[in-house]
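Shown here: run.cif, mmCIF, C-alpha atoms.
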```cif
data_data
loop_
_atom_site.group_PDB
_atom_site.id
_atom_site.type_symbol
_atom_site.label_atom_id
_atom_site.label_comp_id
_atom_site.auth_asym_id
_atom_site.auth_seq_id
_atom_site.Cartn_x
_atom_site.Cartn_y
_atom_site.Cartn_z
ATOM 1 C CA MET A 1 -55.120 -41.105 7.682
ATOM 2 C CA ASP A 2 -55.680 -40.702 11.378
ATOM 3 C CA GLY A 3 -58.611 -42.754 12.534
ATOM 4 C CA ASP A 4 -58.775 -44.791 9.320
ATOM 5 C CA THR A 5 -58.324 -48.174 10.911
ATOM 6 C CA LEU A 6 -59.025 -51.695 9.752
ATOM 7 C CA THR A 7 -61.176 -53.811 12.052
ATOM 8 C CA ILE A 8 -61.257 -57.590 11.682
ATOM 9 C CA ALA A 9 -63.281 -59.668 14.144
ATOM 10 C CA GLY A 10 -63.324 -56.781 16.595
ATOM 11 C CA ARG A 11 -59.573 -56.236 16.460
ATOM 12 C CA GLN A 12 -58.243 -52.919 15.200
ATOM 13 C CA PHE A 13 -55.266 -52.529 12.920
ATOM 14 C CA THR A 14 -53.584 -49.305 11.865
ATOM 15 C CA SER A 15 -51.808 -50.979 8.957
ATOM 16 C CA ARG A 16 -53.818 -52.317 6.037
ATOM 17 C CA LEU A 17 -50.918 -54.466 4.916
ATOM 18 C CA ILE A 18 -50.607 -58.044 6.125
ATOM 19 C CA VAL A 19 -47.459 -59.906 5.151
ATOM 20 C CA GLY A 20 -46.404 -63.512 4.871
ATOM 21 C CA THR A 21 -43.137 -64.859 6.223
ATOM 22 C CA GLY A 22 -42.285 -67.505 3.621
ATOM 23 C CA LYS A 23 -39.352 -67.744 1.223
ATOM 24 C CA TYR A 24 -36.991 -65.244 2.876
ATOM 25 C CA ALA A 25 -33.275 -65.982 2.834
ATOM 26 C CA THR A 26 -32.936 -65.806 6.617
ATOM 27 C CA HIS A 27 -35.006 -65.273 9.753
ATOM 28 C CA GLU A 28 -33.262 -61.923 10.180
ATOM 29 C CA GLN A 29 -34.352 -60.806 6.731
ATOM 30 C CA THR A 30 -37.903 -61.928 7.511
ATOM 31 C CA LEU A 31 -37.987 -59.743 10.593
ATOM 32 C CA GLU A 32 -36.449 -56.746 8.828
ATOM 33 C CA ALA A 33 -38.961 -56.986 5.984
ATOM 34 C CA VAL A 34 -41.892 -57.341 8.388
ATOM 35 C CA GLN A 35 -40.695 -54.299 10.295
ATOM 36 C CA ALA A 36 -40.232 -52.248 7.115
ATOM 37 C CA SER A 37 -43.701 -53.217 5.870
ATOM 38 C CA GLY A 38 -45.338 -51.783 8.968
ATOM 39 C CA ALA A 39 -47.597 -54.841 9.121
ATOM 40 C CA GLU A 40 -49.179 -55.678 12.454
ATOM 41 C CA MET A 41 -50.377 -59.111 11.394
ATOM 42 C CA VAL A 42 -48.183 -61.748 9.754
ATOM 43 C CA THR A 43 -49.000 -65.170 8.402
ATOM 44 C CA VAL A 44 -47.104 -68.294 9.399
ATOM 45 C CA ALA A 45 -47.255 -71.914 8.272
ATOM 46 C CA VAL A 46 -47.526 -75.061 10.366
ATOM 47 C CA ARG A 47 -45.001 -77.743 9.436
ATOM 48 C CA ARG A 48 -43.252 -80.752 10.949
ATOM 49 C CA VAL A 49 -40.385 -80.016 13.288
ATOM 50 C CA ASN A 50 -37.147 -81.013 11.566
ATOM 51 C CA LEU A 51 -35.825 -83.614 13.970
ATOM 52 C CA ASP A 52 -32.391 -83.509 12.337
ATOM 53 C CA ALA A 53 -31.932 -79.771 12.835
ATOM 54 C CA THR A 54 -29.399 -78.784 15.443
ATOM 55 C CA ALA A 55 -31.299 -75.638 16.422
ATOM 56 C CA SER A 56 -35.005 -74.899 16.487
ATOM 57 C CA GLU A 57 -36.325 -73.477 13.231
ATOM 58 C CA SER A 58 -39.428 -72.066 14.875
ATOM 59 C CA LEU A 59 -40.348 -68.624 13.672
ATOM 60 C CA LEU A 60 -41.343 -67.772 17.240
ATOM 61 C CA HIS A 61 -37.641 -67.174 17.849
ATOM 62 C CA VAL A 62 -37.763 -64.089 15.628
ATOM 63 C CA LEU A 63 -41.382 -62.968 15.687
ATOM 64 C CA ASP A 64 -42.564 -61.947 19.098
ATOM 65 C CA PRO A 65 -46.221 -62.970 19.444
ATOM 66 C CA SER A 66 -46.786 -60.004 21.737
ATOM 67 C CA ALA A 67 -45.595 -57.619 19.011
ATOM 68 C CA TYR A 68 -47.408 -59.186 16.026
ATOM 69 C CA VAL A 69 -50.715 -60.912 15.485
ATOM 70 C CA LEU A 70 -49.649 -64.294 14.143
ATOM 71 C CA LEU A 71 -52.058 -65.673 11.587
ATOM 72 C CA PRO A 72 -51.495 -69.407 11.022
ATOM 73 C CA ASN A 73 -52.375 -70.553 7.518
ATOM 74 C CA THR A 74 -53.504 -73.830 6.047
ATOM 75 C CA ALA A 75 -51.368 -73.387 2.945
ATOM 76 C CA GLY A 76 -50.723 -76.541 0.995
ATOM 77 C CA CYS A 77 -53.967 -78.222 2.090
ATOM 78 C CA TYR A 78 -56.064 -79.774 -0.675
ATOM 79 C CA SER A 79 -59.090 -80.946 1.310
ATOM 80 C CA ALA A 80 -61.368 -79.556 3.994
ATOM 81 C CA ASP A 81 -60.279 -82.275 6.459
ATOM 82 C CA GLU A 82 -56.616 -81.499 5.969
ATOM 83 C CA ALA A 83 -57.196 -77.752 6.351
ATOM 84 C CA VAL A 84 -59.194 -78.266 9.554
ATOM 85 C CA ARG A 85 -56.381 -80.432 10.932
ATOM 86 C CA TYR A 86 -53.778 -77.741 10.229
ATOM 87 C CA ALA A 87 -56.029 -75.028 11.640
ATOM 88 C CA ARG A 88 -56.361 -76.901 14.932
ATOM 89 C CA LEU A 89 -52.592 -77.350 15.170
ATOM 90 C CA GLY A 90 -52.084 -73.677 14.379
ATOM 91 C CA ARG A 91 -54.508 -72.666 17.100
ATOM 92 C CA GLU A 92 -52.590 -74.697 19.654
ATOM 93 C CA ALA A 93 -49.233 -73.329 18.473
ATOM 94 C CA GLY A 94 -50.286 -69.707 18.462
ATOM 95 C CA LEU A 95 -52.808 -69.777 21.277
ATOM 96 C CA SER A 96 -55.169 -67.789 19.075
ATOM 97 C CA ASP A 97 -58.210 -68.864 17.127
ATOM 98 C CA TRP A 98 -57.457 -66.853 14.000
ATOM 99 C CA VAL A 99 -56.725 -68.777 10.838
ATOM 100 C CA LYS A 100 -56.030 -67.935 7.232
ATOM 101 C CA LEU A 101 -57.991 -70.704 5.595
ATOM 102 C CA GLU A 102 -56.746 -72.023 2.279
ATOM 103 C CA VAL A 103 -58.186 -75.092 0.610
ATOM 104 C CA LEU A 104 -56.505 -75.499 -2.740
ATOM 105 C CA GLY A 105 -57.970 -77.268 -5.739
ATOM 106 C CA ASP A 106 -55.211 -77.375 -8.328
ATOM 107 C CA GLU A 107 -51.450 -77.576 -8.053
ATOM 108 C CA ALA A 108 -50.689 -75.688 -11.260
ATOM 109 C CA THR A 109 -52.719 -72.581 -10.452
ATOM 110 C CA LEU A 110 -53.167 -72.916 -6.674
ATOM 111 C CA LEU A 111 -56.744 -71.786 -7.203
ATOM 112 C CA PRO A 112 -59.064 -72.423 -4.274
ATOM 113 C CA ASP A 113 -61.414 -75.393 -4.095
ATOM 114 C CA VAL A 114 -64.482 -73.417 -3.091
ATOM 115 C CA ALA A 115 -66.563 -76.484 -2.133
ATOM 116 C CA GLY A 116 -63.827 -77.598 0.265
ATOM 117 C CA LEU A 117 -63.385 -74.039 1.474
ATOM 118 C CA LEU A 118 -67.057 -73.687 2.408
ATOM 119 C CA GLU A 119 -67.016 -77.096 4.113
ATOM 120 C CA ALA A 120 -63.927 -76.257 6.190
ATOM 121 C CA THR A 121 -65.270 -72.793 7.006
ATOM 122 C CA GLU A 122 -68.452 -74.241 8.452
ATOM 123 C CA ILE A 123 -66.518 -76.625 10.700
ATOM 124 C CA LEU A 124 -64.002 -74.030 11.887
ATOM 125 C CA VAL A 125 -66.544 -71.276 12.551
ATOM 126 C CA ALA A 126 -68.519 -73.794 14.663
ATOM 127 C CA GLU A 127 -65.308 -74.467 16.630
ATOM 128 C CA GLY A 128 -64.914 -70.762 17.358
ATOM 129 C CA PHE A 129 -62.239 -69.931 14.817
ATOM 130 C CA LYS A 130 -61.956 -66.478 13.290
ATOM 131 C CA VAL A 131 -61.691 -67.515 9.683
ATOM 132 C CA LEU A 132 -60.023 -65.328 7.070
ATOM 133 C CA ALA A 133 -60.909 -67.183 3.912
ATOM 134 C CA TYR A 134 -58.690 -67.213 0.834
ATOM 135 C CA THR A 135 -60.987 -67.406 -2.176
ATOM 136 C CA ASN A 136 -61.344 -66.343 -5.799
ATOM 137 C CA GLU A 137 -63.177 -63.273 -7.138
ATOM 138 C CA ASP A 138 -66.530 -65.045 -7.263
ATOM 139 C CA LEU A 139 -69.238 -63.000 -5.562
ATOM 140 C CA ILE A 140 -71.507 -65.938 -4.779
ATOM 141 C CA THR A 141 -68.754 -67.827 -2.965
ATOM 142 C CA ALA A 142 -67.874 -64.672 -1.060
ATOM 143 C CA LEU A 143 -71.490 -64.170 0.017
ATOM 144 C CA ARG A 144 -71.723 -67.800 1.161
ATOM 145 C CA LEU A 145 -68.530 -67.378 3.166
ATOM 146 C CA GLN A 146 -69.995 -64.294 4.795
ATOM 147 C CA ASP A 147 -73.216 -66.160 5.589
ATOM 148 C CA LEU A 148 -71.140 -68.894 7.241
ATOM 149 C CA GLY A 149 -69.555 -66.311 9.524
ATOM 150 C CA VAL A 150 -66.059 -65.641 8.247
ATOM 151 C CA ALA A 151 -64.094 -62.753 9.787
ATOM 152 C CA ALA A 152 -62.844 -61.624 6.372
ATOM 153 C CA VAL A 153 -63.083 -62.618 2.740
ATOM 154 C CA MET A 154 -59.737 -62.734 0.941
ATOM 155 C CA PRO A 155 -60.084 -62.829 -2.816
ATOM 156 C CA LEU A 156 -56.998 -63.266 -4.957
ATOM 157 C CA ALA A 157 -55.627 -60.526 -7.212
ATOM 158 C CA SER A 158 -54.048 -63.253 -9.377
ATOM 159 C CA PRO A 159 -52.598 -66.713 -8.603
ATOM 160 C CA ILE A 160 -50.474 -67.157 -5.485
ATOM 161 C CA GLY A 161 -46.840 -66.317 -6.198
ATOM 162 C CA SER A 162 -47.570 -65.158 -9.760
ATOM 163 C CA GLY A 163 -46.844 -61.459 -9.307
ATOM 164 C CA LEU A 164 -49.330 -60.664 -12.079
ATOM 165 C CA GLY A 165 -51.077 -57.964 -10.095
ATOM 166 C CA LEU A 166 -54.790 -57.206 -9.952
ATOM 167 C CA LEU A 167 -56.407 -58.983 -12.908
ATOM 168 C CA SER A 168 -60.068 -58.219 -12.151
ATOM 169 C CA PRO A 169 -60.592 -54.795 -10.601
ATOM 170 C CA LEU A 170 -64.266 -54.969 -11.560
ATOM 171 C CA TRP A 171 -64.971 -58.188 -9.681
ATOM 172 C CA ILE A 172 -63.011 -57.031 -6.668
ATOM 173 C CA ARG A 173 -65.004 -53.775 -6.528
ATOM 174 C CA LEU A 174 -68.206 -55.757 -6.874
ATOM 175 C CA LEU A 175 -67.207 -58.024 -3.973
ATOM 176 C CA LYS A 176 -66.357 -55.041 -1.827
ATOM 177 C CA SER A 177 -69.648 -53.316 -2.635
ATOM 178 C CA ARG A 178 -71.693 -56.353 -1.595
ATOM 179 C CA LEU A 179 -69.882 -57.597 1.510
ATOM 180 C CA GLU A 180 -70.102 -56.328 5.050
ATOM 181 C CA VAL A 181 -67.082 -58.249 6.328
ATOM 182 C CA PRO A 182 -63.639 -56.861 5.441
ATOM 183 C CA VAL A 183 -62.269 -57.683 2.003
ATOM 184 C CA ILE A 184 -58.524 -58.314 2.039
ATOM 185 C CA VAL A 185 -56.975 -59.012 -1.346
ATOM 186 C CA ASP A 186 -54.635 -61.960 -0.913
ATOM 187 C CA ALA A 187 -52.122 -63.206 -3.468
ATOM 188 C CA GLY A 188 -50.797 -62.044 -6.810
ATOM 189 C CA VAL A 189 -49.568 -58.543 -6.068
ATOM 190 C CA GLY A 190 -46.130 -58.124 -7.673
ATOM 191 C CA THR A 191 -44.944 -54.594 -7.100
ATOM 192 C CA ALA A 192 -45.936 -51.293 -5.513
ATOM 193 C CA SER A 193 -48.174 -50.114 -8.350
ATOM 194 C CA ASP A 194 -50.187 -53.361 -8.055
ATOM 195 C CA ALA A 195 -50.703 -52.723 -4.356
ATOM 196 C CA CYS A 196 -51.679 -49.121 -4.941
ATOM 197 C CA LEU A 197 -54.138 -50.007 -7.720
ATOM 198 C CA THR A 198 -55.647 -52.726 -5.540
ATOM 199 C CA MET A 199 -56.195 -50.370 -2.613
ATOM 200 C CA GLU A 200 -57.709 -47.783 -4.986
ATOM 201 C CA GLN A 201 -60.563 -50.240 -5.576
ATOM 202 C CA GLY A 202 -61.663 -49.579 -2.001
ATOM 203 C CA VAL A 203 -60.738 -52.909 -0.463
ATOM 204 C CA ASP A 204 -59.869 -53.043 3.220
ATOM 205 C CA GLY A 205 -56.356 -54.383 2.930
ATOM 206 C CA ILE A 206 -53.830 -56.570 1.146
ATOM 207 C CA LEU A 207 -51.977 -59.708 2.163
ATOM 208 C CA MET A 208 -48.747 -60.427 0.326
ATOM 209 C CA ASN A 209 -45.642 -62.560 0.654
ATOM 210 C CA THR A 210 -43.767 -63.377 -2.550
ATOM 211 C CA ALA A 211 -43.730 -59.765 -3.783
ATOM 212 C CA LEU A 212 -41.497 -58.978 -0.818
ATOM 213 C CA ALA A 213 -39.559 -62.207 -0.372
ATOM 214 C CA GLU A 214 -38.645 -62.572 -4.057
ATOM 215 C CA ALA A 215 -37.767 -58.916 -4.627
ATOM 216 C CA GLU A 216 -34.064 -58.337 -5.186
ATOM 217 C CA ARG A 217 -34.074 -56.275 -2.004
ATOM 218 C CA PRO A 218 -36.966 -57.505 0.127
ATOM 219 C CA VAL A 219 -36.642 -54.947 2.905
ATOM 220 C CA GLN A 220 -36.696 -52.075 0.436
ATOM 221 C CA MET A 221 -39.718 -53.570 -1.329
ATOM 222 C CA ALA A 222 -41.451 -53.917 2.033
ATOM 223 C CA SER A 223 -41.060 -50.160 2.529
ATOM 224 C CA ALA A 224 -42.371 -49.533 -0.981
ATOM 225 C CA MET A 225 -45.410 -51.697 -0.309
ATOM 226 C CA ARG A 226 -46.114 -49.923 2.985
ATOM 227 C CA LEU A 227 -46.197 -46.599 1.137
ATOM 228 C CA ALA A 228 -48.143 -47.995 -1.836
ATOM 229 C CA VAL A 229 -50.876 -49.415 0.375
ATOM 230 C CA GLN A 230 -51.137 -46.090 2.192
ATOM 231 C CA ALA A 231 -51.135 -44.124 -1.082
ATOM 232 C CA GLY A 232 -53.790 -46.340 -2.641
ATOM 233 C CA ARG A 233 -55.978 -46.097 0.428
ATOM 234 C CA LEU A 234 -55.589 -42.330 0.594
ATOM 235 C CA ALA A 235 -56.400 -41.960 -3.110
ATOM 236 C CA TYR A 236 -59.500 -44.109 -2.680
ATOM 237 C CA LEU A 237 -60.662 -41.978 0.246
ATOM 238 C CA ALA A 238 -59.837 -38.789 -1.657
ATOM 239 C CA GLY A 239 -62.005 -39.895 -4.586
ATOM 240 C CA ARG A 240 -60.400 -39.860 -7.994
ATOM 241 C CA MET A 241 -61.277 -37.399 -10.788
ATOM 242 C CA PRO A 242 -63.587 -38.594 -13.557
ATOM 243 C CA ARG A 243 -62.079 -40.356 -16.566
ATOM 244 C CA ARG A 244 -62.530 -38.465 -19.859
ATOM 245 C CA GLU A 245 -61.619 -39.437 -23.343
ATOM 246 C CA TRP A 246 -60.764 -35.903 -24.354
ATOM 247 C CA GLY A 247 -58.497 -33.170 -23.041
ATOM 248 C CA VAL A 248 -59.442 -30.423 -20.601
ATOM 249 C CA PRO A 249 -56.891 -27.622 -20.098
ATOM 250 C CA SER A 250 -55.531 -27.104 -16.622
ATOM 251 C CA SER A 251 -54.514 -23.491 -17.275
ATOM 252 C CA PRO A 252 -57.064 -20.687 -17.818
ATOM 253 C CA ALA A 253 -58.442 -20.454 -21.350
ATOM 254 C CA THR A 254 -58.950 -16.719 -20.760
ATOM 255 C CA GLY A 255 -56.276 -14.021 -20.474
ATOM 256 C CA MET A 256 -54.341 -15.262 -23.475
ATOM 257 C CA LEU A 257 -52.323 -12.653 -25.436
ATOM 258 C CA ASP A 258 -53.687 -11.288 -28.711
ATOM 259 C CA MET B 1 -44.073 -107.109 29.183
ATOM 260 C CA SER B 2 -41.557 -105.251 27.059
ATOM 261 C CA ASP B 3 -39.869 -102.223 28.596
ATOM 262 C CA GLU B 4 -40.034 -100.363 25.306
ATOM 263 C CA VAL B 5 -42.863 -99.195 23.108
ATOM 264 C CA GLN B 6 -42.667 -98.618 19.374
ATOM 265 C CA ILE B 7 -44.037 -95.331 18.122
ATOM 266 C CA GLU B 8 -43.828 -93.194 14.991
ATOM 267 C CA VAL B 9 -42.645 -89.597 15.232
ATOM 268 C CA ASN B 10 -42.963 -87.369 12.167
ATOM 269 C CA GLY B 11 -43.044 -90.435 9.970
ATOM 270 C CA ARG B 12 -40.082 -92.189 11.591
ATOM 271 C CA ASN B 13 -40.184 -95.292 13.750
ATOM 272 C CA GLN B 14 -38.787 -94.863 17.191
ATOM 273 C CA ALA B 15 -38.598 -96.871 20.406
ATOM 274 C CA VAL B 16 -39.219 -95.126 23.699
ATOM 275 C CA PRO B 17 -39.169 -96.466 27.259
ATOM 276 C CA ALA B 18 -42.457 -97.847 28.517
ATOM 277 C CA GLY B 19 -44.295 -95.188 30.502
ATOM 278 C CA GLN B 20 -42.728 -92.358 28.519
ATOM 279 C CA THR B 21 -44.982 -89.306 28.481
ATOM 280 C CA VAL B 22 -45.420 -86.866 25.632
ATOM 281 C CA ARG B 23 -43.488 -84.258 27.595
ATOM 282 C CA GLY B 24 -40.760 -86.824 28.270
ATOM 283 C CA LEU B 25 -40.461 -87.476 24.559
ATOM 284 C CA LEU B 26 -40.120 -83.753 23.790
ATOM 285 C CA ASP B 27 -37.433 -83.476 26.470
ATOM 286 C CA SER B 28 -35.547 -86.464 25.073
ATOM 287 C CA LEU B 29 -35.599 -84.870 21.608
ATOM 288 C CA GLY B 30 -34.363 -81.573 23.007
ATOM 289 C CA LEU B 31 -37.507 -79.733 21.895
ATOM 290 C CA ASP B 32 -38.885 -76.695 23.675
ATOM 291 C CA PRO B 33 -42.513 -77.513 24.520
ATOM 292 C CA ARG B 34 -43.449 -73.830 24.157
ATOM 293 C CA LEU B 35 -42.481 -73.926 20.481
ATOM 294 C CA VAL B 36 -43.834 -77.327 19.477
ATOM 295 C CA VAL B 37 -47.376 -78.602 19.090
ATOM 296 C CA VAL B 38 -48.029 -82.294 19.476
ATOM 297 C CA GLU B 39 -50.634 -84.267 17.619
ATOM 298 C CA LEU B 40 -51.146 -87.825 18.860
ATOM 299 C CA ASN B 41 -53.129 -90.112 16.581
ATOM 300 C CA ARG B 42 -54.644 -87.044 14.913
ATOM 301 C CA GLN B 43 -55.705 -85.385 18.171
ATOM 302 C CA VAL B 44 -53.966 -82.279 19.468
ATOM 303 C CA VAL B 45 -52.386 -82.851 22.893
ATOM 304 C CA ARG B 46 -52.637 -79.610 24.829
ATOM 305 C CA SER B 47 -49.475 -78.536 26.578
ATOM 306 C CA THR B 48 -51.198 -78.872 29.965
ATOM 307 C CA GLU B 49 -51.877 -82.568 29.249
ATOM 308 C CA GLN B 50 -48.438 -83.518 27.967
ATOM 309 C CA ASP B 51 -47.201 -84.599 31.388
ATOM 310 C CA GLU B 52 -50.056 -87.036 31.819
ATOM 311 C CA VAL B 53 -50.372 -88.650 28.410
ATOM 312 C CA GLU B 54 -48.272 -91.838 28.175
ATOM 313 C CA LEU B 55 -47.202 -93.261 24.857
ATOM 314 C CA SER B 56 -48.435 -96.669 23.716
ATOM 315 C CA ASN B 57 -47.335 -99.128 21.059
ATOM 316 C CA GLY B 58 -48.269 -97.969 17.569
ATOM 317 C CA ASP B 59 -48.887 -94.347 18.537
ATOM 318 C CA ARG B 60 -48.343 -91.917 15.699
ATOM 319 C CA LEU B 61 -47.125 -88.486 16.646
ATOM 320 C CA GLU B 62 -46.714 -85.327 14.655
ATOM 321 C CA LEU B 63 -44.543 -82.639 16.165
ATOM 322 C CA VAL B 64 -45.093 -79.318 14.406
ATOM 323 C CA ASN B 65 -44.018 -75.725 14.746
ATOM 324 C CA PHE B 66 -44.489 -72.374 13.047
ATOM 325 C CA VAL B 67 -42.304 -71.747 10.027
ATOM 326 C CA GLY B 68 -42.331 -69.014 7.408
ATOM 327 C CA GLY B 69 -45.394 -69.067 5.188
ATOM 328 C CA GLY B 70 -47.721 -66.843 3.250
#
```

Turn the structure described in the file into structure tokens.
Amino acid sequence: MDGDTLTIAGRQFTSRLIVGTGKYATHEQTLEAVQASGAEMVTVAVRRVNLDATASESLLHVLDPSAYVLLPNTAGCYSADEAVRYARLGREAGLSDWVKLEVLGDEATLLPDVAGLLEATEILVAEGFKVLAYTNEDLITALRLQDLGVAAVMPLASPIGSGLGLLSPLWIRLLKSRLEVPVIVDAGVGTASDACLTMEQGVDGILMNTALAEAERPVQMASAMRLAVQAGRLAYLAGRMPRREWGVPSSPATGMLD
Amino acid sequence: MSDEVQIEVNGRNQAVPAGQTVRGLLDSLGLDPRLVVVELNRQVVRSTEQDEVELSNGDRLELVNFVGGG
């Protein structure tokens, strides 16, 4: 796949897999999984410093910002104001204006609040942020996000942390066919076949976290996901055979014995 | 004039010497300023300004850093 690169906001990536850094057992395991995934961009969260900790818990101890593009998120924010506040803190912490913007609307499903998302996007784009917007599969929301100037639209495959895989291939293909900005499927992928199937829809990339961190062997799953994303991308580029509801022999029908 | 000011750091009340700067507070807490972002009364304090900004009574600070997240 030489030359098949992903470009977001003018920045080129060889890997189409972006990984989160949450829920790993240790910092060491986080780093090993990130390395095995081949990801060049990783998401991080902004949280209070634990003033009772004896040593710094900062992820910057393990993830070298010169080796990885750190993408601060606004995970856990339920209003536009709160998300904007976290985005500004993330910018200062990472010295980069990229943000994975999440504005959630419901604690049980973690589905996005699209009104809050559009509001926060408008503010952050005006402040010069490169916004990668976590959203649902709704085309109209995605088009509005694009109009507002997001760097990428990130529709979910299924709810965050659910591992249910790609529930709506049709809507995801529709989004991809109508958007000019990159489409990165974010959330819901559970295992390698989910990642492969998602990439076969023609999307530009996948962002995942729990599928790796909650695997029995996260580093091994990270390798599997690296290969699955590559395989799905390659299959999409290769163009799949038509689906038929009848059989067609693969061996010659001629030259059979009497 | 009191020689201490009362502030709130990450939700906890704390007294600091009058004239304490943001950078001084980070030092006193043993925090590496390269790894911590400071928000003072909801405004980000840039690292270049931390030496100049002095803390006042009732200031509310949030000290944050990057942790694992998706």

(request) Name the residues in contact with Gln201 (chain A) at a cut-off of 12 Å, using all atoms listed in the file, excluding same-chain residues fewer than 3 positions from it; report them as number ranges by chain. (result) A: 157, 166, 168-177, 183-185, 194-198, 204-206, 229, 232-237, 239-240

May I have the selected residues written with C-alpha atoms, as a PDB file, keeping the file's coordinate frame?
```pdb
ATOM      1  CA  ALA A 157     -55.627 -60.526  -7.212  1.00  0.00           C
ATOM      2  CA  LEU A 166     -54.790 -57.206  -9.952  1.00  0.00           C
ATOM      3  CA  SER A 168     -60.068 -58.219 -12.151  1.00  0.00           C
ATOM      4  CA  PRO A 169     -60.592 -54.795 -10.601  1.00  0.00           C
ATOM      5  CA  LEU A 170     -64.266 -54.969 -11.560  1.00  0.00           C
ATOM      6  CA  TRP A 171     -64.971 -58.188  -9.681  1.00  0.00           C
ATOM      7  CA  ILE A 172     -63.011 -57.031  -6.668  1.00  0.00           C
ATOM      8  CA  ARG A 173     -65.004 -53.775  -6.528  1.00  0.00           C
ATOM      9  CA  LEU A 174     -68.206 -55.757  -6.874  1.00  0.00           C
ATOM     10  CA  LEU A 175     -67.207 -58.024  -3.973  1.00  0.00           C
ATOM     11  CA  LYS A 176     -66.357 -55.041  -1.827  1.00  0.00           C
ATOM     12  CA  SER A 177     -69.648 -53.316  -2.635  1.00  0.00           C
ATOM     13  CA  VAL A 183     -62.269 -57.683   2.003  1.00  0.00           C
ATOM     14  CA  ILE A 184     -58.524 -58.314   2.039  1.00  0.00           C
ATOM     15  CA  VAL A 185     -56.975 -59.012  -1.346  1.00  0.00           C
ATOM     16  CA  ASP A 194     -50.187 -53.361  -8.055  1.00  0.00           C
ATOM     17  CA  ALA A 195     -50.703 -52.723  -4.356  1.00  0.00           C
ATOM     18  CA  CYS A 196     -51.679 -49.121  -4.941  1.00  0.00           C
ATOM     19  CA  LEU A 197     -54.138 -50.007  -7.720  1.00  0.00           C
ATOM     20  CA  THR A 198     -55.647 -52.726  -5.540  1.00  0.00           C
ATOM     21  CA  ASP A 204     -59.869 -53.043   3.220  1.00  0.00           C
ATOM     22  CA  GLY A 205     -56.356 -54.383   2.930  1.00  0.00           C
ATOM     23  CA  ILE A 206     -53.830 -56.570   1.146  1.00  0.00           C
ATOM     24  CA  VAL A 229     -50.876 -49.415   0.375  1.00  0.00           C
ATOM     25  CA  GLY A 232     -53.790 -46.340  -2.641  1.00  0.00           C
ATOM     26  CA  ARG A 233     -55.978 -46.097   0.428  1.00  0.00           C
ATOM     27  CA  LEU A 234     -55.589 -42.330   0.594  1.00  0.00           C
ATOM     28  CA  ALA A 235     -56.400 -41.960  -3.110  1.00  0.00           C
ATOM     29  CA  TYR A 236     -59.500 -44.109  -2.680  1.00  0.00           C
ATOM     30  CA  LEU A 237     -60.662 -41.978   0.246  1.00  0.00           C
ATOM     31  CA  GLY A 239     -62.005 -39.895  -4.586  1.00  0.00           C
ATOM     32  CA  ARG A 240     -60.400 -39.860  -7.994  1.00  0.00           C
TER      33      ARG A 240
END
```

(request) Give the residues of chain B that lie within 6 Å of chain A; count all atoms listed in the file, and format the answer as a list in words. (result) Val37, Leu63, Val64, Asn65, Phe66, Val67, Gly68, Gly69 and Gly70 of chain B

Store the residues picked out above, limited to C-alpha atoms, as a short mmCIF file (atom, residue, chain, number, x, y, z; two decimals), in the frame of the given file.
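The result, stored in selection23.cif:
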```
data_model
loop_
_atom_site.label_atom_id
_atom_site.label_comp_id
_atom_site.auth_asym_id
_atom_site.auth_seq_id
_atom_site.Cartn_x
_atom_site.Cartn_y
_atom_site.Cartn_z
CA VAL B 37 -47.38 -78.60 19.09
CA LEU B 63 -44.54 -82.64 16.16
CA VAL B 64 -45.09 -79.32 14.41
CA ASN B 65 -44.02 -75.72 14.75
CA PHE B 66 -44.49 -72.37 13.05
CA VAL B 67 -42.30 -71.75 10.03
CA GLY B 68 -42.33 -69.01 7.41
CA GLY B 69 -45.39 -69.07 5.19
CA GLY B 70 -47.72 -66.84 3.25
#
```

(message) Using all atoms listed in the file, can you tell me which of B:Thr48, B:Ser28, B:Gln43, B:Thr21 comes closest to Val5 (chain B)?
(response)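 That would be B:Thr21, the residue with the smallest distance to Val5 (chain B).
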
(request) Just give me the gap between CA of Ala108 (chain A) and CA of Val84 (chain A) in Å, one decimal is fine. (result)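 Distance between the two atoms: 22.6 Å.
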
(message) Since I can't run it myself right now, could you work out what the PyMOL selection byres ((chain B and resi 4) around 9) selects here and report it as a list in words?
(response) Met1, Ser2, Asp3, Val5, Gln6, Ala15, Val16, Pro17, Ala18, Gly19 and Asn57 of chain B

(request) Grab the CA of Cys77 (chain A) to CA of Thr109 (chain A) distance for me, in Å with one decimal place. (result)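 A separation of 13.8 Å between them.
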
(request) Kindly give the distance, in Å, that separates CA of Phe13 (chain A) and CA of Val69 (chain A), rounded to a single decimal. (result)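 If I compute the distance from CA of Phe13 (chain A) to CA of Val69 (chain A), I get 9.9 Å.
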
Output of the PyMOL selection byres ((chain B and resi 11) around 10), listed as a PDB file with C-alpha atoms, keeping the file's coordinate frame:
```
ATOM      1  CA  ARG A  48     -43.252 -80.752  10.949  1.00  0.00           C
TER       2      ARG A  48
ATOM      3  CA  ILE B   7     -44.037 -95.331  18.122  1.00  0.00           C
ATOM      4  CA  GLU B   8     -43.828 -93.194  14.991  1.00  0.00           C
ATOM      5  CA  VAL B   9     -42.645 -89.597  15.232  1.00  0.00           C
ATOM      6  CA  ASN B  10     -42.963 -87.369  12.167  1.00  0.00           C
ATOM      7  CA  ARG B  12     -40.082 -92.189  11.591  1.00  0.00           C
ATOM      8  CA  ASN B  13     -40.184 -95.292  13.750  1.00  0.00           C
ATOM      9  CA  GLN B  14     -38.787 -94.863  17.191  1.00  0.00           C
ATOM     10  CA  ARG B  60     -48.343 -91.917  15.699  1.00  0.00           C
ATOM     11  CA  LEU B  61     -47.125 -88.486  16.646  1.00  0.00           C
ATOM     12  CA  GLU B  62     -46.714 -85.327  14.655  1.00  0.00           C
TER      13      GLU B  62
END
```
